[in-house]
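coords-v7.pdb follows; it contains PDB, N, CA and C atoms.
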```pdb
ATOM      1  N   MET K  16      -1.960   5.379   7.764
ATOM      2  CA  MET K  16      -2.390   4.079   7.308
ATOM      3  C   MET K  16      -1.226   3.108   7.220
ATOM      4  N   GLY K  17      -0.067   3.595   6.960
ATOM      5  CA  GLY K  17       1.068   2.712   6.912
ATOM      6  C   GLY K  17       1.364   2.144   5.531
ATOM      7  N   LEU K  18       0.849   2.755   4.472
ATOM      8  CA  LEU K  18       1.194   2.289   3.136
ATOM      9  C   LEU K  18       2.618   2.708   2.793
ATOM     10  N   ARG K  19       3.319   1.836   2.092
ATOM     11  CA  ARG K  19       4.712   2.083   1.720
ATOM     12  C   ARG K  19       4.839   2.489   0.254
ATOM     13  N   ILE K  20       3.820   3.075  -0.330
ATOM     14  CA  ILE K  20       3.826   3.401  -1.758
ATOM     15  C   ILE K  20       5.042   4.250  -2.116
ATOM     16  N   LYS K  21       5.278   5.307  -1.349
ATOM     17  CA  LYS K  21       6.406   6.204  -1.632
ATOM     18  C   LYS K  21       7.732   5.437  -1.634
ATOM     19  N   GLU K  22       7.915   4.624  -0.612
ATOM     20  CA  GLU K  22       9.135   3.837  -0.470
ATOM     21  C   GLU K  22       9.303   2.857  -1.639
ATOM     22  N   LEU K  23       8.214   2.197  -2.019
ATOM     23  CA  LEU K  23       8.269   1.237  -3.119
ATOM     24  C   LEU K  23       8.526   1.930  -4.448
ATOM     25  N   LEU K  24       7.929   3.099  -4.644
ATOM     26  CA  LEU K  24       8.183   3.858  -5.868
ATOM     27  C   LEU K  24       9.660   4.210  -5.971
ATOM     28  N   LYS K  25      10.243   4.628  -4.865
ATOM     29  CA  LYS K  25      11.664   4.984  -4.843
ATOM     30  C   LYS K  25      12.517   3.763  -5.177
ATOM     31  N   GLU K  26      12.177   2.615  -4.576
ATOM     32  CA  GLU K  26      12.902   1.367  -4.840
ATOM     33  C   GLU K  26      12.836   0.984  -6.310
ATOM     34  N   LYS K  27      11.693   1.235  -6.942
ATOM     35  CA  LYS K  27      11.481   0.860  -8.341
ATOM     36  C   LYS K  27      11.958   1.944  -9.305
ATOM     37  N   GLY K  28      12.386   3.097  -8.766
ATOM     38  CA  GLY K  28      12.820   4.201  -9.617
ATOM     39  C   GLY K  28      11.670   4.779 -10.425
ATOM     40  N   MET K  29      10.494   4.810  -9.813
ATOM     41  CA  MET K  29       9.282   5.254 -10.498
ATOM     42  C   MET K  29       8.691   6.469  -9.785
ATOM     43  N   MET K  30       8.087   7.338 -10.559
ATOM     44  CA  MET K  30       7.406   8.500  -9.996
ATOM     45  C   MET K  30       5.933   8.142  -9.771
ATOM     46  N   HIS K  31       5.287   8.862  -8.835
ATOM     47  CA  HIS K  31       3.866   8.648  -8.541
ATOM     48  C   HIS K  31       3.035   8.808  -9.808
ATOM     49  N   LYS K  32       3.398   9.787 -10.613
ATOM     50  CA  LYS K  32       2.663  10.059 -11.849
ATOM     51  C   LYS K  32       2.771   8.871 -12.815
ATOM     52  N   GLU K  33       3.932   8.229 -12.863
ATOM     53  CA  GLU K  33       4.113   7.054 -13.724
ATOM     54  C   GLU K  33       3.229   5.892 -13.263
ATOM     55  N   LEU K  34       3.133   5.726 -11.950
ATOM     56  CA  LEU K  34       2.270   4.688 -11.404
ATOM     57  C   LEU K  34       0.823   4.956 -11.809
ATOM     58  N   ALA K  35       0.404   6.207 -11.689
ATOM     59  CA  ALA K  35      -0.963   6.583 -12.066
ATOM     60  C   ALA K  35      -1.205   6.271 -13.544
ATOM     61  N   GLU K  36      -0.228   6.600 -14.391
ATOM     62  CA  GLU K  36      -0.364   6.325 -15.822
ATOM     63  C   GLU K  36      -0.492   4.828 -16.088
ATOM     64  N   LYS K  37       0.297   4.011 -15.378
ATOM     65  CA  LYS K  37       0.219   2.556 -15.517
ATOM     66  C   LYS K  37      -1.173   2.039 -15.165
ATOM     67  N   LEU K  38      -1.809   2.709 -14.205
ATOM     68  CA  LEU K  38      -3.132   2.300 -13.753
ATOM     69  C   LEU K  38      -4.256   2.934 -14.572
ATOM     70  N   GLY K  39      -3.905   3.849 -15.460
ATOM     71  CA  GLY K  39      -4.906   4.484 -16.305
ATOM     72  C   GLY K  39      -5.753   5.525 -15.595
ATOM     73  N   VAL K  40      -5.166   6.148 -14.556
ATOM     74  CA  VAL K  40      -5.870   7.206 -13.820
ATOM     75  C   VAL K  40      -4.964   8.425 -13.709
ATOM     76  N   THR K  41      -5.534   9.540 -13.293
ATOM     77  CA  THR K  41      -4.708  10.725 -13.086
ATOM     78  C   THR K  41      -3.965  10.595 -11.763
ATOM     79  N   ASP K  42      -2.901  11.342 -11.645
ATOM     80  CA  ASP K  42      -2.113  11.354 -10.412
ATOM     81  C   ASP K  42      -2.990  11.774  -9.232
ATOM     82  N   ILE K  43      -3.825  12.767  -9.452
ATOM     83  CA  ILE K  43      -4.714  13.265  -8.394
ATOM     84  C   ILE K  43      -5.713  12.184  -7.979
ATOM     85  N   ALA K  44      -6.274  11.484  -8.974
ATOM     86  CA  ALA K  44      -7.248  10.422  -8.672
ATOM     87  C   ALA K  44      -6.583   9.293  -7.884
ATOM     88  N   LEU K  45      -5.346   8.936  -8.244
ATOM     89  CA  LEU K  45      -4.646   7.877  -7.528
ATOM     90  C   LEU K  45      -4.376   8.292  -6.089
ATOM     91  N   ARG K  46      -3.885   9.505  -5.908
ATOM     92  CA  ARG K  46      -3.617   9.987  -4.550
ATOM     93  C   ARG K  46      -4.894   9.981  -3.710
ATOM     94  N   ALA K  47      -5.997  10.407  -4.314
ATOM     95  CA  ALA K  47      -7.280  10.446  -3.595
ATOM     96  C   ALA K  47      -7.744   9.037  -3.229
ATOM     97  N   SER K  48      -7.553   8.082  -4.149
ATOM     98  CA  SER K  48      -8.025   6.721  -3.873
ATOM     99  C   SER K  48      -7.162   6.018  -2.829
ATOM    100  N   LEU K  49      -5.912   6.432  -2.674
ATOM    101  CA  LEU K  49      -5.033   5.821  -1.679
ATOM    102  C   LEU K  49      -5.131   6.497  -0.315
ATOM    103  N   LYS K  50      -5.676   7.697  -0.305
ATOM    104  CA  LYS K  50      -5.806   8.434   0.950
ATOM    105  C   LYS K  50      -7.040   7.935   1.692
ATOM    106  N   GLY K  51      -6.871   7.641   2.932
ATOM    107  CA  GLY K  51      -8.017   7.218   3.728
ATOM    108  C   GLY K  51      -8.278   5.735   3.650
ATOM    109  N   ASN K  52      -9.216   5.345   2.822
ATOM    110  CA  ASN K  52      -9.701   3.964   2.804
ATOM    111  C   ASN K  52      -9.643   3.350   1.408
ATOM    112  N   PRO K  53      -8.473   2.991   0.889
ATOM    113  CA  PRO K  53      -8.432   2.408  -0.461
ATOM    114  C   PRO K  53      -9.127   1.045  -0.488
ATOM    115  N   THR K  54      -9.745   0.748  -1.615
ATOM    116  CA  THR K  54     -10.408  -0.550  -1.753
ATOM    117  C   THR K  54      -9.366  -1.644  -1.985
ATOM    118  N   ILE K  55      -9.761  -2.874  -1.743
ATOM    119  CA  ILE K  55      -8.887  -4.015  -2.011
ATOM    120  C   ILE K  55      -8.524  -4.028  -3.495
ATOM    121  N   SER K  56      -9.486  -3.713  -4.335
ATOM    122  CA  SER K  56      -9.256  -3.683  -5.780
ATOM    123  C   SER K  56      -8.157  -2.676  -6.133
ATOM    124  N   THR K  57      -8.222  -1.495  -5.539
ATOM    125  CA  THR K  57      -7.197  -0.477  -5.780
ATOM    126  C   THR K  57      -5.841  -0.967  -5.301
ATOM    127  N   LEU K  58      -5.803  -1.550  -4.103
ATOM    128  CA  LEU K  58      -4.540  -2.058  -3.564
ATOM    129  C   LEU K  58      -3.967  -3.157  -4.452
ATOM    130  N   GLU K  59      -4.829  -4.036  -4.976
ATOM    131  CA  GLU K  59      -4.374  -5.103  -5.866
ATOM    132  C   GLU K  59      -3.778  -4.527  -7.143
ATOM    133  N   LYS K  60      -4.423  -3.513  -7.722
ATOM    134  CA  LYS K  60      -3.931  -2.887  -8.954
ATOM    135  C   LYS K  60      -2.587  -2.206  -8.718
ATOM    136  N   VAL K  61      -2.473  -1.496  -7.603
ATOM    137  CA  VAL K  61      -1.220  -0.806  -7.270
ATOM    138  C   VAL K  61      -0.110  -1.832  -7.045
ATOM    139  N   ALA K  62      -0.404  -2.880  -6.292
ATOM    140  CA  ALA K  62       0.587  -3.919  -6.023
ATOM    141  C   ALA K  62       1.058  -4.555  -7.328
ATOM    142  N   ASP K  63       0.117  -4.867  -8.217
ATOM    143  CA  ASP K  63       0.452  -5.477  -9.502
ATOM    144  C   ASP K  63       1.344  -4.546 -10.325
ATOM    145  N   ALA K  64       0.997  -3.263 -10.368
ATOM    146  CA  ALA K  64       1.776  -2.288 -11.133
ATOM    147  C   ALA K  64       3.188  -2.135 -10.582
ATOM    148  N   LEU K  65       3.332  -2.328  -9.277
ATOM    149  CA  LEU K  65       4.644  -2.201  -8.642
ATOM    150  C   LEU K  65       5.391  -3.536  -8.585
ATOM    151  N   GLY K  66       4.716  -4.615  -8.972
ATOM    152  CA  GLY K  66       5.344  -5.927  -8.953
ATOM    153  C   GLY K  66       5.570  -6.471  -7.554
ATOM    154  N   VAL K  67       4.645  -6.156  -6.649
ATOM    155  CA  VAL K  67       4.733  -6.640  -5.269
ATOM    156  C   VAL K  67       3.387  -7.237  -4.873
ATOM    157  N   SER K  68       3.345  -7.885  -3.717
ATOM    158  CA  SER K  68       2.075  -8.410  -3.206
ATOM    159  C   SER K  68       1.378  -7.310  -2.401
ATOM    160  N   VAL K  69       0.076  -7.464  -2.193
ATOM    161  CA  VAL K  69      -0.678  -6.468  -1.420
ATOM    162  C   VAL K  69      -0.077  -6.264  -0.022
ATOM    163  N   PRO K  70       0.265  -7.339   0.719
ATOM    164  CA  PRO K  70       0.858  -7.108   2.047
ATOM    165  C   PRO K  70       2.137  -6.273   2.010
ATOM    166  N   GLU K  71       2.886  -6.362   0.908
ATOM    167  CA  GLU K  71       4.124  -5.588   0.798
ATOM    168  C   GLU K  71       3.864  -4.081   0.673
ATOM    169  N   LEU K  72       2.622  -3.697   0.376
ATOM    170  CA  LEU K  72       2.275  -2.276   0.292
ATOM    171  C   LEU K  72       2.227  -1.628   1.672
ATOM    172  N   PHE K  73       2.115  -2.448   2.693
ATOM    173  CA  PHE K  73       1.971  -1.938   4.052
ATOM    174  C   PHE K  73       3.299  -1.955   4.780
ATOM    175  N   ALA K  74       3.454  -1.012   5.684
ATOM    176  CA  ALA K  74       4.650  -0.975   6.514
ATOM    177  C   ALA K  74       4.713  -2.255   7.334
ATOM    178  N   ALA K  75       5.921  -2.714   7.584
ATOM    179  CA  ALA K  75       6.101  -3.931   8.381
ATOM    180  C   ALA K  75       5.495  -3.729   9.760
ATOM    181  N   PRO K  76       4.847  -4.747  10.291
ATOM    182  CA  PRO K  76       4.257  -4.611  11.617
ATOM    183  C   PRO K  76       5.322  -4.362  12.674
ATOM    184  N   ARG K  77       5.009  -3.519  13.590
ATOM    185  CA  ARG K  77       5.925  -3.229  14.698
ATOM    186  C   ARG K  77       5.430  -3.976  15.920
ATOM    187  N   ASN K  78       6.306  -4.740  16.507
ATOM    188  CA  ASN K  78       5.959  -5.511  17.699
ATOM    189  C   ASN K  78       4.727  -6.372  17.477
ATOM    190  N   GLY K  79       4.562  -6.892  16.239
ATOM    191  CA  GLY K  79       3.457  -7.786  15.960
ATOM    192  C   GLY K  79       2.101  -7.130  15.864
ATOM    193  N   VAL K  80       2.053  -5.815  15.640
ATOM    194  CA  VAL K  80       0.776  -5.109  15.566
ATOM    195  C   VAL K  80       0.721  -4.281  14.286
ATOM    196  N   ILE K  81      -0.401  -4.400  13.568
ATOM    197  CA  ILE K  81      -0.634  -3.539  12.412
ATOM    198  C   ILE K  81      -1.939  -2.778  12.641
ATOM    199  N   THR K  82      -2.187  -1.767  11.832
ATOM    200  CA  THR K  82      -3.417  -0.999  11.938
ATOM    201  C   THR K  82      -4.322  -1.362  10.768
ATOM    202  N   CYS K  83      -5.563  -1.678  11.056
ATOM    203  CA  CYS K  83      -6.535  -2.007  10.018
ATOM    204  C   CYS K  83      -6.736  -0.777   9.127
ATOM    205  N   PRO K  84      -6.590  -0.947   7.787
ATOM    206  CA  PRO K  84      -6.754   0.203   6.898
ATOM    207  C   PRO K  84      -8.196   0.675   6.790
ATOM    208  N   HIS K  85      -9.148  -0.136   7.242
ATOM    209  CA  HIS K  85     -10.559   0.239   7.122
ATOM    210  C   HIS K  85     -11.115   0.911   8.373
ATOM    211  N   CYS K  86     -10.795   0.346   9.547
ATOM    212  CA  CYS K  86     -11.385   0.905  10.768
ATOM    213  C   CYS K  86     -10.371   1.605  11.670
ATOM    214  N   GLY K  87      -9.072   1.397  11.391
ATOM    215  CA  GLY K  87      -8.046   2.057  12.191
ATOM    216  C   GLY K  87      -7.706   1.354  13.497
ATOM    217  N   LYS K  88      -8.356   0.207  13.771
ATOM    218  CA  LYS K  88      -8.074  -0.524  15.005
ATOM    219  C   LYS K  88      -6.769  -1.295  14.869
ATOM    220  N   SER K  89      -6.103  -1.521  15.997
ATOM    221  CA  SER K  89      -4.876  -2.303  16.012
ATOM    222  C   SER K  89      -5.211  -3.782  15.920
ATOM    223  N   ILE K  90      -4.407  -4.497  15.112
ATOM    224  CA  ILE K  90      -4.576  -5.932  14.957
ATOM    225  C   ILE K  90      -3.266  -6.588  15.361
ATOM    226  N   THR K  91      -3.336  -7.551  16.278
ATOM    227  CA  THR K  91      -2.146  -8.261  16.726
ATOM    228  C   THR K  91      -1.889  -9.433  15.784
ATOM    229  N   ILE K  92      -0.657  -9.508  15.284
ATOM    230  CA  ILE K  92      -0.260 -10.582  14.384
ATOM    231  C   ILE K  92       0.513 -11.618  15.183
ATOM    232  N   LYS K  93       0.075 -12.867  15.091
ATOM    233  CA  LYS K  93       0.774 -13.943  15.784
ATOM    234  C   LYS K  93       1.346 -14.893  14.731
ATOM    235  N   THR K  94       2.567 -15.342  14.959
ATOM    236  CA  THR K  94       3.173 -16.309  14.060
ATOM    237  C   THR K  94       2.923 -17.703  14.586
ATOM    238  N   GLU K  95       3.184 -18.697  13.755
ATOM    239  CA  GLU K  95       2.943 -20.090  14.157
ATOM    240  C   GLU K  95       3.796 -20.500  15.352
ATOM    241  N   SER K  96       4.944 -19.866  15.526
ATOM    242  CA  SER K  96       5.834 -20.241  16.610
ATOM    243  C   SER K  96       5.396 -19.673  17.968
ATOM    244  N   GLU K  97       4.409 -18.809  17.957
ATOM    245  CA  GLU K  97       3.952 -18.202  19.222
ATOM    246  C   GLU K  97       2.942 -19.046  19.934
TER     247      GLU K  97
END
```

Full structure transcribed into structure tokens:
Amino acid sequence: MGLRIKELLKEKGMMHKELAEKLGVTDIALRASLKGNPTISTLEKVADALGVSVPELFAAPRNGVITCPHCGKSITIKTESE
């Protein structure tokens, strides 16, 4: 999926379990909700707990392409200068 949760936790000096506690869920429940198809609501809560925006939860696009977290299709990102 390309989520950077692990990387962001390391940057913040936080453990996965601490993030789960901040969100009021178990570590197992958080891992399950992030695996596969997390909801926008879940992503917003995780981003807020980590002090980042939702887009920052995702790996940076490579060559202007990201993968849709819902359907898995590639999405081409174009900037205004293109």

Would you mind listing what lies within 7 Å of range 34-48 of chain K as a PyMOL selection string, with only N, CA and C atoms counted and same-chain residues fewer than 5 positions away left out? chain K and resi 29+53-54+60+64

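Rounded to one decimal, CA of Ile90 in chain K and CA of Leu24 in chain K lie 26.3 Å from each other.
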
One number please: atom N of Leu23 in chain K to atom N of Lys50 in chain K, in Å, one decimal. 15.0 Å

Hey, can you check how far CA of Glu26 in chain K sits from CA of Ile92 in chain K?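 Straight-line distance from CA of Glu26 in chain K to CA of Ile92 in chain K works out to 26.2 Å.
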
Find the spatial neighbours of Leu58 in chain K, counting only C-alpha atoms, within a cut-off of 12 Å - ignore same-chain residues fewer than 2 positions away - and output them as a ChimeraX atom specification. /K:18-20,38,45,48-50,52-56,60-73,84

Using backbone DSSP assignments, extract all helix (DSSP H, G or I) residues from range 35-83 of chain K; output them as a list in words.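 Filtering range 35-83 of chain K down to helix (DSSP H, G or I) leaves Ala35, Glu36, Lys37, Leu38, Asp42, Ile43, Ala44, Leu45, Arg46, Ala47, Ser48, Leu49, Ile55, Ser56, Thr57, Leu58, Glu59, Lys60, Val61, Ala62, Asp63, Ala64, Leu65, Val69, Pro70, Glu71 and Leu72 of chain K.
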
Kindly provide, as JSON, the centre and edge lengths (Å, one decimal) of an axis-aligned box around all atoms of range 18-37 of chain K given in the file, with 8 Å on each side.
```
{"center_x": 5.8, "center_y": 5.5, "center_z": -5.8, "size_x": 30.1, "size_y": 25.2, "size_z": 36.6}
```

Where atoms are absent from range 26-38 of chain K, fill them in so it carries N, CA, C and O atoms, then output it as a PDB file, in the frame of the given file.
```pdb
ATOM      1  N   GLU K  26      12.177   2.615  -4.576  1.00  0.00           N
ATOM      2  CA  GLU K  26      12.902   1.367  -4.840  1.00  0.00           C
ATOM      3  C   GLU K  26      12.836   0.984  -6.310  1.00  0.00           C
ATOM      4  O   GLU K  26      13.796   0.466  -6.867  1.00  0.00           O
ATOM      5  N   LYS K  27      11.693   1.235  -6.942  1.00  0.00           N
ATOM      6  CA  LYS K  27      11.481   0.860  -8.341  1.00  0.00           C
ATOM      7  C   LYS K  27      11.958   1.944  -9.305  1.00  0.00           C
ATOM      8  O   LYS K  27      11.907   1.753 -10.521  1.00  0.00           O
ATOM      9  N   GLY K  28      12.386   3.097  -8.766  1.00  0.00           N
ATOM     10  CA  GLY K  28      12.820   4.201  -9.617  1.00  0.00           C
ATOM     11  C   GLY K  28      11.670   4.779 -10.425  1.00  0.00           C
ATOM     12  O   GLY K  28      11.831   5.197 -11.566  1.00  0.00           O
ATOM     13  N   MET K  29      10.494   4.810  -9.813  1.00  0.00           N
ATOM     14  CA  MET K  29       9.282   5.254 -10.498  1.00  0.00           C
ATOM     15  C   MET K  29       8.691   6.469  -9.785  1.00  0.00           C
ATOM     16  O   MET K  29       8.788   6.581  -8.579  1.00  0.00           O
ATOM     17  N   MET K  30       8.087   7.338 -10.559  1.00  0.00           N
ATOM     18  CA  MET K  30       7.406   8.500  -9.996  1.00  0.00           C
ATOM     19  C   MET K  30       5.933   8.142  -9.771  1.00  0.00           C
ATOM     20  O   MET K  30       5.392   7.260 -10.429  1.00  0.00           O
ATOM     21  N   HIS K  31       5.287   8.862  -8.835  1.00  0.00           N
ATOM     22  CA  HIS K  31       3.866   8.648  -8.541  1.00  0.00           C
ATOM     23  C   HIS K  31       3.035   8.808  -9.808  1.00  0.00           C
ATOM     24  O   HIS K  31       2.107   8.035 -10.067  1.00  0.00           O
ATOM     25  N   LYS K  32       3.398   9.787 -10.613  1.00  0.00           N
ATOM     26  CA  LYS K  32       2.663  10.059 -11.849  1.00  0.00           C
ATOM     27  C   LYS K  32       2.771   8.871 -12.815  1.00  0.00           C
ATOM     28  O   LYS K  32       1.807   8.529 -13.493  1.00  0.00           O
ATOM     29  N   GLU K  33       3.932   8.229 -12.863  1.00  0.00           N
ATOM     30  CA  GLU K  33       4.113   7.054 -13.724  1.00  0.00           C
ATOM     31  C   GLU K  33       3.229   5.892 -13.263  1.00  0.00           C
ATOM     32  O   GLU K  33       2.664   5.171 -14.084  1.00  0.00           O
ATOM     33  N   LEU K  34       3.133   5.726 -11.950  1.00  0.00           N
ATOM     34  CA  LEU K  34       2.270   4.688 -11.404  1.00  0.00           C
ATOM     35  C   LEU K  34       0.823   4.956 -11.809  1.00  0.00           C
ATOM     36  O   LEU K  34       0.112   4.052 -12.247  1.00  0.00           O
ATOM     37  N   ALA K  35       0.404   6.207 -11.689  1.00  0.00           N
ATOM     38  CA  ALA K  35      -0.963   6.583 -12.066  1.00  0.00           C
ATOM     39  C   ALA K  35      -1.205   6.271 -13.544  1.00  0.00           C
ATOM     40  O   ALA K  35      -2.252   5.723 -13.905  1.00  0.00           O
ATOM     41  N   GLU K  36      -0.228   6.600 -14.391  1.00  0.00           N
ATOM     42  CA  GLU K  36      -0.364   6.325 -15.822  1.00  0.00           C
ATOM     43  C   GLU K  36      -0.492   4.828 -16.088  1.00  0.00           C
ATOM     44  O   GLU K  36      -1.299   4.409 -16.918  1.00  0.00           O
ATOM     45  N   LYS K  37       0.297   4.011 -15.378  1.00  0.00           N
ATOM     46  CA  LYS K  37       0.219   2.556 -15.517  1.00  0.00           C
ATOM     47  C   LYS K  37      -1.173   2.039 -15.165  1.00  0.00           C
ATOM     48  O   LYS K  37      -1.643   1.056 -15.723  1.00  0.00           O
ATOM     49  N   LEU K  38      -1.809   2.709 -14.205  1.00  0.00           N
ATOM     50  CA  LEU K  38      -3.132   2.300 -13.753  1.00  0.00           C
ATOM     51  C   LEU K  38      -4.256   2.934 -14.572  1.00  0.00           C
ATOM     52  O   LEU K  38      -5.429   2.635 -14.361  1.00  0.00           O
TER      53      LEU K  38
END
```
